[in-house]
file run18.txt (compact mmCIF, C-alpha atoms)
# COMPACT_ATOMS: atom_id res chain seq x y z
CA MET C 225 53.66 -70.92 25.52
CA GLN C 226 56.10 -73.77 24.90
CA ARG C 227 57.09 -74.48 21.32
CA PRO C 228 53.81 -74.87 19.41
CA SER C 229 52.74 -78.21 17.99
CA LEU C 230 50.87 -76.53 15.12
CA VAL C 231 51.16 -73.07 13.57
CA ALA C 232 48.22 -71.48 11.77
CA SER C 233 48.25 -68.20 9.91
CA ASP C 234 45.83 -65.99 8.10
CA VAL C 235 47.07 -64.97 4.66
CA ASP C 236 46.17 -61.41 3.61
CA GLY C 237 47.32 -58.74 6.03
CA THR C 238 49.17 -61.34 8.08
CA LEU C 239 51.45 -63.84 6.32
CA LEU C 240 51.70 -61.71 3.16
CA THR C 241 53.32 -58.30 2.91
CA PRO C 242 51.18 -55.31 1.87
CA LEU C 243 52.32 -56.09 -1.70
CA GLY C 244 50.84 -59.56 -1.45
CA ARG C 245 54.12 -61.48 -1.22
CA VAL C 246 55.76 -63.90 1.19
CA SER C 247 58.92 -62.14 2.36
CA PRO C 248 62.21 -64.08 2.34
CA ARG C 249 62.39 -63.88 6.13
CA THR C 250 58.88 -65.27 6.55
CA ALA C 251 59.48 -68.02 3.98
CA ASP C 252 62.64 -69.01 5.85
CA LEU C 253 60.74 -69.27 9.15
CA VAL C 254 57.96 -71.32 7.58
CA GLY C 255 60.66 -73.68 6.33
CA ARG C 256 62.14 -73.93 9.83
CA VAL C 257 58.72 -74.75 11.27
CA LEU C 258 58.25 -77.56 8.76
CA ALA C 259 61.80 -78.83 9.28
CA ALA C 260 60.94 -79.22 12.97
CA ASP C 261 58.01 -81.50 11.97
CA VAL C 262 55.48 -78.90 13.10
CA PRO C 263 52.52 -78.49 10.71
CA PHE C 264 51.97 -75.01 9.27
CA VAL C 265 48.33 -74.45 8.28
CA LEU C 266 46.96 -71.60 6.19
CA ALA C 267 43.66 -70.34 7.64
CA THR C 268 42.10 -67.89 5.23
CA GLY C 269 38.93 -66.34 3.93
CA ARG C 270 40.19 -67.15 0.45
CA PRO C 271 38.57 -69.98 -1.52
CA PRO C 272 40.75 -72.99 -2.37
CA ARG C 273 41.51 -71.69 -5.88
CA TRP C 274 43.33 -68.70 -4.35
CA VAL C 275 45.54 -70.85 -2.12
CA PRO C 276 48.03 -72.74 -4.36
CA ASP C 277 50.05 -69.65 -5.35
CA VAL C 278 50.48 -68.56 -1.74
CA ALA C 279 51.26 -72.11 -0.65
CA ALA C 280 53.93 -72.43 -3.33
CA ALA C 281 55.55 -69.15 -2.28
CA ALA C 282 55.61 -70.31 1.34
CA GLY C 283 56.67 -73.88 0.55
CA LEU C 284 53.50 -75.46 1.95
CA THR C 285 51.84 -78.71 0.85
CA GLY C 286 49.67 -79.58 3.88
CA TYR C 287 46.20 -78.50 4.89
CA ALA C 288 44.55 -75.13 4.38
CA VAL C 289 41.41 -73.90 6.11
CA CYS C 290 39.62 -71.92 3.40
CA SER C 291 36.51 -69.76 3.04
CA ASN C 292 36.62 -68.73 6.72
CA GLY C 293 36.47 -72.33 7.90
CA ALA C 294 33.86 -73.68 5.51
CA VAL C 295 36.37 -75.67 3.44
CA LEU C 296 39.23 -77.97 4.40
CA TYR C 297 41.68 -78.24 1.49
CA ASP C 298 44.64 -80.60 1.02
CA ILE C 299 47.15 -78.44 -0.89
CA GLY C 300 49.54 -81.17 -2.00
CA ALA C 301 46.78 -83.45 -3.25
CA ASP C 302 44.72 -80.55 -4.67
CA ARG C 303 41.68 -82.07 -2.97
CA VAL C 304 38.78 -80.54 -1.09
CA VAL C 305 38.53 -82.75 1.98
CA SER C 306 35.28 -81.34 3.34
CA ALA C 307 32.91 -78.41 2.90
CA GLU C 308 30.17 -76.87 5.04
CA LEU C 309 27.45 -75.55 2.75
CA LEU C 310 24.65 -73.01 2.79
CA THR C 311 21.57 -74.55 1.17
CA PRO C 312 19.65 -72.77 -1.60
CA GLU C 313 16.86 -72.17 0.92
CA GLN C 314 19.26 -70.53 3.36
CA LEU C 315 20.76 -68.45 0.56
CA ALA C 316 17.36 -67.20 -0.57
CA ASP C 317 16.30 -66.29 2.98
CA LEU C 318 19.59 -64.52 3.60
CA ALA C 319 19.39 -62.59 0.34
CA ALA C 320 15.95 -61.29 1.27
CA VAL C 321 17.21 -60.11 4.67
CA LEU C 322 20.25 -58.40 3.13
CA ASP C 323 18.16 -56.57 0.55
CA GLU C 324 16.07 -55.21 3.42
CA ALA C 325 18.99 -54.33 5.70
CA LEU C 326 21.33 -53.00 2.99
CA PRO C 327 19.28 -51.44 0.16
CA GLY C 328 21.29 -51.28 -3.05
CA CYS C 329 23.64 -54.09 -2.06
CA ALA C 330 25.10 -56.64 -4.50
CA LEU C 331 25.54 -60.34 -3.82
CA ALA C 332 27.96 -63.05 -4.87
CA SER C 333 28.00 -66.78 -4.27
CA GLU C 334 31.16 -68.82 -3.64
CA ARG C 335 30.89 -72.50 -4.52
CA VAL C 336 33.47 -75.26 -4.30
CA GLY C 337 34.24 -78.43 -6.22
CA GLU C 338 36.61 -81.31 -5.55
CA SER C 339 39.70 -79.54 -6.90
CA ALA C 340 41.10 -76.01 -6.78
CA LEU C 341 43.22 -76.31 -9.90
CA ARG C 342 40.68 -78.16 -12.06
CA PRO C 343 37.23 -76.72 -11.30
CA ALA C 344 34.34 -78.58 -12.91
CA GLU C 345 32.18 -75.46 -13.16
CA ALA C 346 32.13 -71.76 -12.32
CA GLU C 347 32.72 -71.35 -8.60
CA PHE C 348 32.10 -67.61 -8.22
CA ILE C 349 28.86 -66.07 -9.49
CA ALA C 350 27.78 -62.51 -8.79
CA ASP C 351 25.15 -59.89 -9.44
CA GLU C 352 26.11 -57.90 -12.53
CA HIS C 353 26.77 -54.77 -10.42
CA TYR C 354 28.91 -56.60 -7.86
CA LEU C 355 32.35 -54.98 -7.62
CA HIS C 356 35.02 -57.41 -6.46
CA PRO C 357 37.30 -55.93 -3.74
CA TRP C 358 40.23 -58.04 -5.01
CA ASP C 359 41.89 -58.58 -8.36
CA GLU C 360 39.88 -61.56 -9.56
CA GLY C 361 36.81 -60.36 -11.41
CA ALA C 362 33.41 -61.81 -10.66
CA GLN C 363 31.35 -63.64 -13.24
CA PRO C 364 28.44 -61.23 -13.74
CA LEU C 365 24.98 -62.53 -14.47
CA PRO C 366 22.56 -60.96 -16.93
CA GLY C 367 20.07 -58.66 -15.30
CA HIS C 368 17.18 -60.07 -13.28
CA GLN C 369 18.70 -63.55 -12.91
CA ARG C 370 19.78 -63.56 -9.26
CA ALA C 371 17.92 -66.85 -8.93
CA GLN C 372 20.89 -68.52 -10.65
CA LEU C 373 23.21 -67.14 -7.99
CA LEU C 374 21.09 -68.67 -5.22
CA ALA C 375 20.20 -71.91 -6.97
CA LYS C 376 23.05 -74.16 -5.76
CA PRO C 377 24.66 -74.79 -2.36
CA ALA C 378 27.52 -72.43 -1.53
CA VAL C 379 30.29 -72.24 1.03
CA LYS C 380 29.91 -68.49 1.27
CA LEU C 381 27.53 -65.67 0.33
CA LEU C 382 29.19 -62.28 -0.02
CA VAL C 383 27.46 -58.91 0.05
CA ARG C 384 28.95 -55.62 -1.14
CA HIS C 385 27.81 -52.03 -0.58
CA SER C 386 29.75 -49.22 -2.18
CA ALA C 387 28.58 -46.53 0.25
CA MET C 388 29.30 -48.34 3.54
CA THR C 389 32.23 -49.82 5.44
CA SER C 390 32.09 -53.46 6.50
CA ASP C 391 31.69 -52.38 10.13
CA GLU C 392 28.67 -50.25 9.19
CA MET C 393 27.18 -53.08 7.18
CA ALA C 394 27.60 -55.51 10.07
CA ARG C 395 25.81 -53.14 12.44
CA ALA C 396 22.91 -52.86 10.01
CA ALA C 397 22.62 -56.51 8.97
CA GLY C 398 23.80 -58.35 12.08
CA PRO C 399 20.66 -57.88 14.21
CA LEU C 400 18.42 -59.06 11.36
CA VAL C 401 20.55 -62.09 10.56
CA GLY C 402 21.08 -63.23 14.14
CA ASP C 403 22.59 -66.67 14.51
CA SER C 404 20.87 -68.13 11.45
CA VAL C 405 24.21 -67.96 9.62
CA ALA C 406 27.82 -67.14 10.50
CA LEU C 407 28.66 -63.49 9.76
CA THR C 408 32.17 -62.08 9.46
CA TRP C 409 34.40 -59.88 7.29
CA SER C 410 38.02 -59.87 6.19
CA THR C 411 38.27 -56.33 4.85
CA ASN C 412 36.59 -53.09 5.86
CA GLU C 413 35.98 -52.13 2.21
CA GLY C 414 32.21 -52.64 2.24
CA LEU C 415 32.10 -56.45 2.26
CA LEU C 416 30.40 -58.99 4.53
CA GLU C 417 30.83 -62.77 4.29
CA PHE C 418 28.27 -65.36 5.39
CA ALA C 419 28.69 -69.09 5.97
CA ALA C 420 26.67 -71.92 7.47
CA PRO C 421 25.82 -71.55 11.17
CA GLY C 422 28.76 -72.25 13.46
CA VAL C 423 31.37 -72.11 10.69
CA THR C 424 34.44 -70.06 11.60
CA LYS C 425 38.18 -70.31 11.17
CA ALA C 426 38.20 -71.80 14.66
CA SER C 427 35.88 -74.65 13.66
CA GLY C 428 37.93 -75.33 10.54
CA LEU C 429 41.23 -75.20 12.38
CA ALA C 430 39.87 -77.42 15.14
CA ALA C 431 39.05 -80.04 12.49
CA VAL C 432 42.63 -79.91 11.19
CA ALA C 433 44.09 -80.06 14.68
CA ASP C 434 41.93 -83.10 15.42
CA LEU C 435 43.18 -84.83 12.25
CA LEU C 436 46.77 -84.15 13.31
CA GLY C 437 46.25 -85.03 16.96
CA VAL C 438 47.08 -81.56 18.29
CA PRO C 439 45.12 -80.00 21.19
CA ALA C 440 44.01 -76.37 21.02
CA SER C 441 46.55 -75.54 23.72
CA GLY C 442 49.35 -76.49 21.33
CA VAL C 443 48.20 -74.20 18.50
CA LEU C 444 49.82 -70.85 17.70
CA ALA C 445 47.60 -68.71 15.46
CA PHE C 446 48.14 -65.39 13.65
CA GLY C 447 45.50 -63.02 12.25
CA ASP C 448 44.43 -59.45 11.65
CA MET C 449 40.69 -59.14 10.94
CA PRO C 450 37.31 -59.97 12.54
CA ASN C 451 37.18 -63.29 10.66
CA ASP C 452 40.31 -64.27 12.62
CA VAL C 453 38.86 -63.53 16.06
CA PRO C 454 37.35 -67.00 16.70
CA MET C 455 40.65 -68.63 15.74
CA LEU C 456 42.71 -66.26 17.88
CA THR C 457 40.57 -66.97 20.94
CA TRP C 458 40.38 -70.74 20.33
CA ALA C 459 44.13 -71.27 19.87
CA GLY C 460 46.45 -71.79 22.81
CA HIS C 461 48.20 -68.56 21.82
CA GLY C 462 46.60 -66.03 19.49
CA VAL C 463 48.75 -63.33 17.91
CA ALA C 464 47.37 -60.22 16.18
CA MET C 465 49.36 -58.10 13.78
CA ALA C 466 50.07 -54.46 14.63
CA ASN C 467 48.02 -53.54 11.55
CA ALA C 468 45.03 -55.57 12.81
CA HIS C 469 41.40 -54.55 13.22
CA GLU C 470 40.53 -53.48 16.77
CA ASP C 471 38.49 -56.65 17.30
CA ALA C 472 41.48 -58.86 16.49
CA LEU C 473 43.75 -56.76 18.70
CA ALA C 474 41.34 -57.17 21.61
CA ALA C 475 41.00 -60.94 21.11
CA ALA C 476 44.71 -61.73 20.86
CA ASP C 477 47.05 -62.88 23.60
CA GLU C 478 49.84 -60.89 21.97
CA VAL C 479 50.39 -58.21 19.34
CA THR C 480 53.36 -58.58 17.02
CA ALA C 481 54.80 -56.25 14.38
CA ALA C 482 52.83 -55.38 11.26
CA ASN C 483 52.76 -57.61 8.18
CA SER C 484 55.03 -55.04 6.53
CA GLU C 485 57.64 -55.79 9.21
CA ASP C 486 57.58 -59.62 9.22
CA GLY C 487 55.43 -59.85 12.34
CA VAL C 488 54.78 -63.59 11.86
CA ALA C 489 58.48 -64.37 11.50
CA LEU C 490 59.31 -62.24 14.52
CA VAL C 491 57.21 -64.46 16.78
CA LEU C 492 58.25 -67.77 15.19
CA GLU C 493 61.93 -66.96 15.73
CA ARG C 494 61.44 -67.64 19.44
CA TRP C 495 61.13 -71.36 18.84
CA PHE C 496 62.44 -72.09 15.35

call {"tool": "encode", "arguments": {"input": "run18.txt", "output": "structure tokens"}}
result
Amino acid sequence: MQRPSLVASDVDGTLLTPLGRVSPRTADLVGRVLAADVPFVLATGRPPRWVPDVAAAAGLTGYAVCSNGAVLYDIGADRVVSAELLTPEQLADLAAVLDEALPGCALASERVGESALRPAEAEFIADEHYLHPWDEGAQPLPGHQRAQLLAKPAVKLLVRHSAMTSDEMARAAGPLVGDSVALTWSTNEGLLEFAAPGVTKASGLAAVADLLGVPASGVLAFGDMPNDVPMLTWAGHGVAMANAHEDALAAADEVTAANSEDGVALVLERWF
């Protein structure tokens, strides 16, 4: 492609090193992209509250597509611009299906307020036996109170199963869920993520591109997991990391080096 008019990148496994950092080389390239007046958008499964630290390390103050496309977040203003929500009714129906498809599973609900840095209330609520795959601990509920978890609209419902991979969980739950919700996953460590129907990183990134007046053909996107596949196929040029899931590798127009080898920077150096 010609020099992109917008660059979008997944965070974990893509922009960040395996140690969870933005390498100096990658930070330098992000700076060059911005200096060329080309927007650089984070497109992540992370909720808004997990974005500011990464944005600061990368020198970003623009938009971020969060929660796999369910939330559009303005980093510099610390403002949630829009959110696509699962209703309590959808959450309850989905929970019943997941209990049937994945006996012994644990659920967690991801909510969102108007600000990432100043939340008005708890935004992550989980079953008491839910084990978080990342560093931030869940807020466990007392036993037999899952109704609280499902009581308010959420941008994402997460399900964990300690004895299964995410791929295995998707094969078991996917046929029962159908297209009633959007199903994806960002790690293969026994976690599935559900959003409102039609919500993907592609839909979220398309909303940002529309705001900035950039066509899909002008977008360069990087990713590594199944939740990146819609974005990689929607963008004018989709790039998967060498460390990517097989689905992302198959969807991409190009495969770059692994996140441990500055794969994002390697591609950006062609134009910036």

call {"tool": "closest_residue", "arguments": {"input": "run18.txt", "among": "C:Pro343, C:Pro263, C:Gly237, C:Gly255", "to": "C:Gly437", "atoms": "all atoms listed in the file"}}
result
C:Pro263

call {"tool": "closest_atom_pairs", "arguments": {"input": "run18.txt", "of": "stretch 226-290 of chain C", "to": "stretch 454-461 of chain C", "cutoff": "12 Å", "atoms": "only C-alpha atoms", "output": "Markdown table"}}
result
| residue | atom | partner | partner_atom | distance |
| --- | --- | --- | --- | --- |
| C:Gln226 | CA | C:His461 | CA | 10.0 |
| C:Arg227 | CA | C:His461 | CA | 10.7 |
| C:Pro228 | CA | C:Gly460 | CA | 8.7 |
| C:Ser229 | CA | C:Gly460 | CA | 10.2 |
| C:Leu230 | CA | C:Ala459 | CA | 9.8 |
| C:Val231 | CA | C:Ala459 | CA | 9.6 |
| C:Ala232 | CA | C:Met455 | CA | 9.0 |
| C:Ser233 | CA | C:Met455 | CA | 9.6 |
| C:Asp234 | CA | C:Met455 | CA | 9.6 |
| C:Leu266 | CA | C:Met455 | CA | 11.8 |
| C:Ala267 | CA | C:Met455 | CA | 8.8 |
| C:Thr268 | CA | C:Met455 | CA | 10.6 |
| C:Val289 | CA | C:Met455 | CA | 11.0 |

call {"tool": "residues_near_point", "arguments": {"input": "run18.txt", "point": "(36.7, -75.6, 18.4)", "cutoff": "12 Å", "atoms": "only C-alpha atoms", "output": "PDB file with C-alpha atoms, in the frame of the given file"}}
result
ATOM      1  CA  GLY C 293      36.470 -72.330   7.900  1.00  0.00           C
ATOM      2  CA  GLY C 422      28.760 -72.250  13.460  1.00  0.00           C
ATOM      3  CA  VAL C 423      31.370 -72.110  10.690  1.00  0.00           C
ATOM      4  CA  THR C 424      34.440 -70.060  11.600  1.00  0.00           C
ATOM      5  CA  LYS C 425      38.180 -70.310  11.170  1.00  0.00           C
ATOM      6  CA  ALA C 426      38.200 -71.800  14.660  1.00  0.00           C
ATOM      7  CA  SER C 427      35.880 -74.650  13.660  1.00  0.00           C
ATOM      8  CA  GLY C 428      37.930 -75.330  10.540  1.00  0.00           C
ATOM      9  CA  LEU C 429      41.230 -75.200  12.380  1.00  0.00           C
ATOM     10  CA  ALA C 430      39.870 -77.420  15.140  1.00  0.00           C
ATOM     11  CA  ALA C 431      39.050 -80.040  12.490  1.00  0.00           C
ATOM     12  CA  VAL C 432      42.630 -79.910  11.190  1.00  0.00           C
ATOM     13  CA  ALA C 433      44.090 -80.060  14.680  1.00  0.00           C
ATOM     14  CA  ASP C 434      41.930 -83.100  15.420  1.00  0.00           C
ATOM     15  CA  VAL C 438      47.080 -81.560  18.290  1.00  0.00           C
ATOM     16  CA  PRO C 439      45.120 -80.000  21.190  1.00  0.00           C
ATOM     17  CA  ALA C 440      44.010 -76.370  21.020  1.00  0.00           C
ATOM     18  CA  SER C 441      46.550 -75.540  23.720  1.00  0.00           C
ATOM     19  CA  VAL C 443      48.200 -74.200  18.500  1.00  0.00           C
ATOM     20  CA  PRO C 454      37.350 -67.000  16.700  1.00  0.00           C
ATOM     21  CA  MET C 455      40.650 -68.630  15.740  1.00  0.00           C
ATOM     22  CA  LEU C 456      42.710 -66.260  17.880  1.00  0.00           C
ATOM     23  CA  THR C 457      40.570 -66.970  20.940  1.00  0.00           C
ATOM     24  CA  TRP C 458      40.380 -70.740  20.330  1.00  0.00           C
ATOM     25  CA  ALA C 459      44.130 -71.270  19.870  1.00  0.00           C
ATOM     26  CA  GLY C 460      46.450 -71.790  22.810  1.00  0.00           C
TER      27      GLY C 460
END

call {"tool": "atom_distance", "arguments": {"input": "run18.txt", "atom1": "atom CA of C:Val278", "atom2": "atom CA of C:Glu345"}}
result
22.6 Å

call {"tool": "atom_distance", "arguments": {"input": "run18.txt", "atom1": "atom CA of C:Ala281", "atom2": "atom CA of C:Ser247"}}
result
9.1 Å

call {"tool": "residues_around", "arguments": {"input": "run18.txt", "residues": "C:Glu324", "least_positions_apart": "2", "cutoff": "12 Å", "atoms": "all atoms listed in the file", "output": "number ranges by chain"}}
result
C: 317-322, 326-329, 393, 396-397, 400-401

call {"tool": "atom_distance", "arguments": {"input": "run18.txt", "atom1": "atom CA of C:Asp486", "atom2": "atom CA of C:Tyr297"}}
result
25.7 Å

call {"tool": "residues_around", "arguments": {"input": "run18.txt", "residues": "stretch 330-340 of chain C", "least_positions_apart": "6", "cutoff": "10 Å", "atoms": "only C-alpha atoms", "output": "number ranges by chain"}}
result
C: 271-276, 291, 294-295, 297-299, 301-307, 309-310, 315, 319, 322-323, 346-356, 362-364, 370, 372-386, 415-419

call {"tool": "closest_residue", "arguments": {"input": "run18.txt", "among": "C:Ser390, C:Leu296, C:Thr238, C:Pro450", "to": "C:Ala482", "atoms": "all atoms listed in the file"}}
result
C:Thr238
